[in-house]
>>> print(open('data.cif').read())   # mmCIF, C-alpha atoms
data_work
loop_
_atom_site.group_PDB
_atom_site.id
_atom_site.type_symbol
_atom_site.label_atom_id
_atom_site.label_comp_id
_atom_site.auth_asym_id
_atom_site.auth_seq_id
_atom_site.Cartn_x
_atom_site.Cartn_y
_atom_site.Cartn_z
ATOM 1 C CA MET H 1438 1.600 -0.263 19.963
ATOM 2 C CA ILE H 1439 2.132 -1.079 16.276
ATOM 3 C CA HIS H 1440 4.309 -3.794 14.817
ATOM 4 C CA LEU H 1441 4.745 -4.991 11.250
ATOM 5 C CA ARG H 1442 4.759 -8.571 10.031
ATOM 6 C CA PRO H 1443 4.446 -10.361 6.693
ATOM 7 C CA ALA H 1444 0.841 -10.805 5.605
ATOM 8 C CA VAL H 1445 -0.474 -14.332 5.207
ATOM 9 C CA ALA H 1446 -3.535 -15.618 3.359
ATOM 10 C CA ALA H 1447 -5.405 -15.849 6.672
ATOM 11 C CA ASP H 1448 -5.195 -12.020 6.853
ATOM 12 C CA ILE H 1449 -7.201 -11.491 3.648
ATOM 13 C CA SER H 1450 -10.563 -10.989 5.392
ATOM 14 C CA ALA H 1451 -9.114 -8.289 7.678
ATOM 15 C CA MET H 1452 -7.284 -6.654 4.762
ATOM 16 C CA LEU H 1453 -10.481 -6.654 2.700
ATOM 17 C CA ALA H 1454 -12.421 -5.066 5.581
ATOM 18 C CA ILE H 1455 -9.796 -2.297 5.858
ATOM 19 C CA GLU H 1456 -9.896 -1.762 2.094
ATOM 20 C CA GLN H 1457 -13.694 -1.450 2.196
ATOM 21 C CA ALA H 1458 -13.571 0.999 5.124
ATOM 22 C CA ALA H 1459 -10.759 3.139 3.708
ATOM 23 C CA THR H 1460 -11.410 3.371 -0.039
ATOM 24 C CA SER H 1461 -14.286 4.353 -2.289
ATOM 25 C CA HIS H 1462 -13.678 1.589 -4.857
ATOM 26 C CA PRO H 1463 -12.199 -1.374 -2.949
ATOM 27 C CA TRP H 1464 -10.454 -4.385 -4.385
ATOM 28 C CA THR H 1465 -12.365 -7.665 -4.529
ATOM 29 C CA ARG H 1466 -11.536 -10.731 -2.461
ATOM 30 C CA ASN H 1467 -10.295 -12.396 -5.673
ATOM 31 C CA LEU H 1468 -7.753 -9.602 -6.227
ATOM 32 C CA PHE H 1469 -6.465 -10.024 -2.675
ATOM 33 C CA GLU H 1470 -6.271 -13.804 -3.070
ATOM 34 C CA SER H 1471 -4.355 -13.473 -6.341
ATOM 35 C CA SER H 1472 -1.792 -11.183 -4.652
ATOM 36 C CA PHE H 1473 -0.191 -13.902 -2.564
ATOM 37 C CA GLY H 1474 2.531 -15.797 -4.340
ATOM 38 C CA GLU H 1475 6.230 -15.921 -5.081
ATOM 39 C CA ARG H 1476 6.582 -12.468 -6.657
ATOM 40 C CA TYR H 1477 4.503 -10.660 -4.003
ATOM 41 C CA PHE H 1478 5.624 -9.289 -0.676
ATOM 42 C CA ASN H 1479 2.820 -8.110 1.570
ATOM 43 C CA THR H 1480 2.895 -6.658 5.054
ATOM 44 C CA VAL H 1481 0.317 -5.915 7.733
ATOM 45 C CA ALA H 1482 0.541 -3.359 10.536
ATOM 46 C CA VAL H 1483 -0.802 -4.885 13.731
ATOM 47 C CA SER H 1484 -2.071 -2.772 16.623
ATOM 48 C CA THR H 1485 -1.918 -4.247 20.113
ATOM 49 C CA ASP H 1486 -4.089 -2.611 22.770
ATOM 50 C CA SER H 1487 -3.366 -2.418 26.509
ATOM 51 C CA ALA H 1488 -5.176 -5.751 27.047
ATOM 52 C CA GLY H 1489 -2.912 -7.451 24.506
ATOM 53 C CA ILE H 1490 -5.633 -7.770 21.865
ATOM 54 C CA GLU H 1491 -4.265 -7.531 18.325
ATOM 55 C CA GLU H 1492 -6.016 -5.980 15.339
ATOM 56 C CA ILE H 1493 -4.739 -5.431 11.816
ATOM 57 C CA ALA H 1494 -4.651 -1.657 11.335
ATOM 58 C CA GLY H 1495 -3.261 -1.450 7.806
ATOM 59 C CA PHE H 1496 -1.444 -3.279 5.047
ATOM 60 C CA TYR H 1497 0.358 -3.028 1.757
ATOM 61 C CA ILE H 1498 0.641 -5.347 -1.231
ATOM 62 C CA GLY H 1499 3.907 -5.178 -3.138
ATOM 63 C CA GLU H 1500 5.290 -7.006 -6.139
ATOM 64 C CA TYR H 1501 8.921 -7.583 -7.115
ATOM 65 C CA ILE H 1502 9.935 -8.444 -10.680
ATOM 66 C CA ALA H 1503 13.344 -8.037 -12.335
ATOM 67 C CA GLY H 1504 14.781 -5.274 -10.164
ATOM 68 C CA GLU H 1505 11.515 -3.345 -9.849
ATOM 69 C CA ALA H 1506 9.093 -3.165 -6.921
ATOM 70 C CA SER H 1507 5.527 -1.940 -7.368
ATOM 71 C CA LEU H 1508 3.201 -0.860 -4.589
ATOM 72 C CA PHE H 1509 -0.148 -2.230 -5.730
ATOM 73 C CA ASP H 1510 -2.301 -1.405 -2.724
ATOM 74 C CA ILE H 1511 -1.913 0.242 0.654
ATOM 75 C CA ALA H 1512 -4.587 1.128 3.184
ATOM 76 C CA VAL H 1513 -4.920 2.067 6.833
ATOM 77 C CA HIS H 1514 -8.227 1.608 8.632
ATOM 78 C CA PRO H 1515 -9.833 5.038 9.229
ATOM 79 C CA LYS H 1516 -9.734 4.628 13.031
ATOM 80 C CA PHE H 1517 -5.929 4.239 12.839
ATOM 81 C CA GLN H 1518 -5.223 6.985 10.297
ATOM 82 C CA GLY H 1519 -3.098 9.950 11.340
ATOM 83 C CA GLN H 1520 -0.823 7.835 13.561
ATOM 84 C CA GLY H 1521 2.080 7.363 11.132
ATOM 85 C CA ILE H 1522 1.100 3.826 10.107
ATOM 86 C CA GLY H 1523 1.032 4.732 6.410
ATOM 87 C CA GLN H 1524 4.623 5.998 6.678
ATOM 88 C CA LEU H 1525 5.688 2.810 8.484
ATOM 89 C CA LEU H 1526 4.150 0.745 5.708
ATOM 90 C CA VAL H 1527 5.775 2.760 2.902
ATOM 91 C CA ASP H 1528 9.147 2.567 4.661
ATOM 92 C CA GLU H 1529 8.735 -1.211 5.013
ATOM 93 C CA PHE H 1530 7.740 -1.536 1.352
ATOM 94 C CA LEU H 1531 10.946 0.265 0.362
ATOM 95 C CA ALA H 1532 13.086 -1.803 2.740
ATOM 96 C CA GLN H 1533 11.577 -5.101 1.606
ATOM 97 C CA GLY H 1534 11.875 -4.140 -2.057
ATOM 98 C CA GLU H 1535 15.493 -3.162 -1.594
ATOM 99 C CA ALA H 1536 16.195 -6.421 0.282
ATOM 100 C CA ARG H 1537 14.887 -8.283 -2.777
ATOM 101 C CA GLY H 1538 17.192 -6.304 -5.056
ATOM 102 C CA ALA H 1539 14.878 -3.589 -6.351
ATOM 103 C CA SER H 1540 16.520 -0.477 -7.719
ATOM 104 C CA TYR H 1541 13.282 1.061 -8.979
ATOM 105 C CA PHE H 1542 9.990 1.523 -7.143
ATOM 106 C CA PHE H 1543 6.656 2.413 -8.708
ATOM 107 C CA LEU H 1544 3.127 3.242 -7.612
ATOM 108 C CA GLU H 1545 0.027 5.036 -8.814
ATOM 109 C CA VAL H 1546 -2.403 7.149 -6.836
ATOM 110 C CA ARG H 1547 -5.702 8.892 -7.372
ATOM 111 C CA GLU H 1548 -5.137 12.548 -8.232
ATOM 112 C CA SER H 1549 -7.584 13.516 -5.460
ATOM 113 C CA ASN H 1550 -5.738 11.568 -2.749
ATOM 114 C CA GLN H 1551 -3.628 14.448 -1.494
ATOM 115 C CA SER H 1552 -2.697 12.825 1.830
ATOM 116 C CA ALA H 1553 -1.259 9.790 0.012
ATOM 117 C CA ILE H 1554 0.554 12.032 -2.472
ATOM 118 C CA ARG H 1555 2.194 13.931 0.415
ATOM 119 C CA LEU H 1556 3.193 10.615 2.026
ATOM 120 C CA TYR H 1557 4.794 9.320 -1.174
ATOM 121 C CA GLU H 1558 6.608 12.592 -1.887
ATOM 122 C CA ARG H 1559 7.941 12.671 1.706
ATOM 123 C CA SER H 1560 9.291 9.182 1.036
ATOM 124 C CA GLY H 1561 11.206 10.377 -2.034
ATOM 125 C CA PHE H 1562 8.813 9.419 -4.829
ATOM 126 C CA CYS H 1563 8.482 11.818 -7.776
ATOM 127 C CA GLN H 1564 5.610 12.069 -10.215
ATOM 128 C CA CYS H 1565 6.662 10.610 -13.558
ATOM 129 C CA GLY H 1566 3.395 10.317 -15.457
ATOM 130 C CA ARG H 1567 -0.378 10.424 -15.555
ATOM 131 C CA ARG H 1568 -3.101 8.015 -16.702
ATOM 132 C CA PRO H 1569 -6.121 10.099 -17.743
ATOM 133 C CA ARG H 1570 -9.546 8.965 -16.541
ATOM 134 C CA TYR H 1571 -8.059 5.822 -14.962
ATOM 135 C CA TYR H 1572 -9.959 5.520 -11.690
ATOM 136 C CA PRO H 1573 -13.748 5.350 -11.347
ATOM 137 C CA THR H 1574 -15.452 7.894 -9.105
ATOM 138 C CA ALA H 1575 -19.039 8.370 -7.958
ATOM 139 C CA THR H 1576 -19.564 10.868 -10.789
ATOM 140 C CA GLY H 1577 -17.239 9.605 -13.539
ATOM 141 C CA THR H 1578 -13.467 9.125 -13.531
ATOM 142 C CA GLU H 1579 -10.272 10.745 -12.316
ATOM 143 C CA ASP H 1580 -6.640 10.590 -13.351
ATOM 144 C CA ALA H 1581 -4.049 8.292 -11.842
ATOM 145 C CA LEU H 1582 -0.717 9.910 -11.056
ATOM 146 C CA LEU H 1583 2.310 7.680 -11.594
ATOM 147 C CA TYR H 1584 5.174 7.931 -9.146
ATOM 148 C CA ALA H 1585 8.673 6.469 -9.198
ATOM 149 C CA LEU H 1586 11.701 6.265 -6.951
ATOM 150 C CA SER H 1587 15.168 5.089 -7.964
ATOM 151 C CA TYR H 1588 17.694 3.583 -5.543
ATOM 152 C CA GLN H 1589 21.247 3.069 -6.640
ATOM 153 C CA ASN H 1590 22.461 0.074 -4.633
#
>>> encode(input="data.cif", output="structure tokens")
Amino acid sequence: MIHLRPAVAADISAMLAIEQAATSHPWTRNLFESSFGERYFNTVAVSTDSAGIEEIAGFYIGEYIAGEASLFDIAVHPKFQGQGIGQLLVDEFLAQGEARGASYFFLEVRESNQSAIRLYERSGFCQCGRRPRYYPTATGTEDALLYALSYQN
């Protein structure tokens, strides 16, 4: 069973472990620590097993400023991928952004991350730009694709 709840600073170690397991170039602990504050809204997806033991399965980090919400980071631990948790997290990001008054939503994604691109497009995001050679890779760099979604409240 999966439920969502706001992330708290005590979740940073689990979020960092998921980031390290799920991405090739993970954020640092300092980046996670700096992403908790008034303008941020962060959520964790918590899995509860049949014995009642809880484990953080995924998370997102969002920021709200002046009518705009940005999805800075989202990850699902590999052992929980393919279960719809990413979609739950994106839906929650949109709902929480809208609750704060966001009319515009933004994110960027590695060009090679086709599963994330499909997730964002299913959620209504459209590609609106490209940052050449933005992300590091094992052999050089790759482009970031910029995505946007507009809500008219």
>>> atom_distance(input="data.cif", atom1="atom CA of Gly1521 of chain H", atom2="atom CA of Glu1545 of chain H")
20.2 Å
>>> axis_aligned_box(input="data.cif", around="segment 1546-1554 of chain H", padding_each_side="6 Å", output="JSON")
{"center_x": -3.5, "center_y": 10.8, "center_z": -3.2, "size_x": 20.1, "size_y": 19.3, "size_z": 22.1}
>>> residues_around(input="data.cif", residues="Gly1495 of chain H", least_positions_apart="3", cutoff="12 Å", atoms="only C-alpha atoms", output="MDAnalysis selection string")
chainID H and resid 1439:1444 1448:1449 1451:1459 1479:1484 1492 1498 1510:1527
>>> resolve_selection(input="data.cif", expression="the PyMOL selection byres ((chain H and resi 1566) around 9)", output="VMD selection string")
chain H and resid 1564 to 1565 1567 to 1568 1581 to 1584
>>> atom_distance(input="data.cif", atom1="atom CA of Arg1476 of chain H", atom2="atom CA of Arg1559 of chain H")
26.5 Å
>>> resolve_selection(input="data.cif", expression="the PyMOL selection byres ((chain H and resi 1550) around 12)", output="PyMOL selection string")
chain H and resi 1459-1461+1545-1549+1551-1557+1572+1579-1582
>>> atom_distance(input="data.cif", atom1="atom CA of Tyr1501 of chain H", atom2="atom CA of Gly1534 of chain H")
6.8 Å
>>> residues_around(input="data.cif", residues="Ser1540 of chain H", least_positions_apart="6", cutoff="10 Å", atoms="all atoms listed in the file", output="ChimeraX atom specification")
/H:1503-1506,1531,1534,1586-1590
>>> closest_residue(input="data.cif", among="H:Ser1560, H:Thr1576, H:Phe1509, H:Ala1447", to="Leu1468 of chain H", atoms="only C-alpha atoms")
H:Phe1509
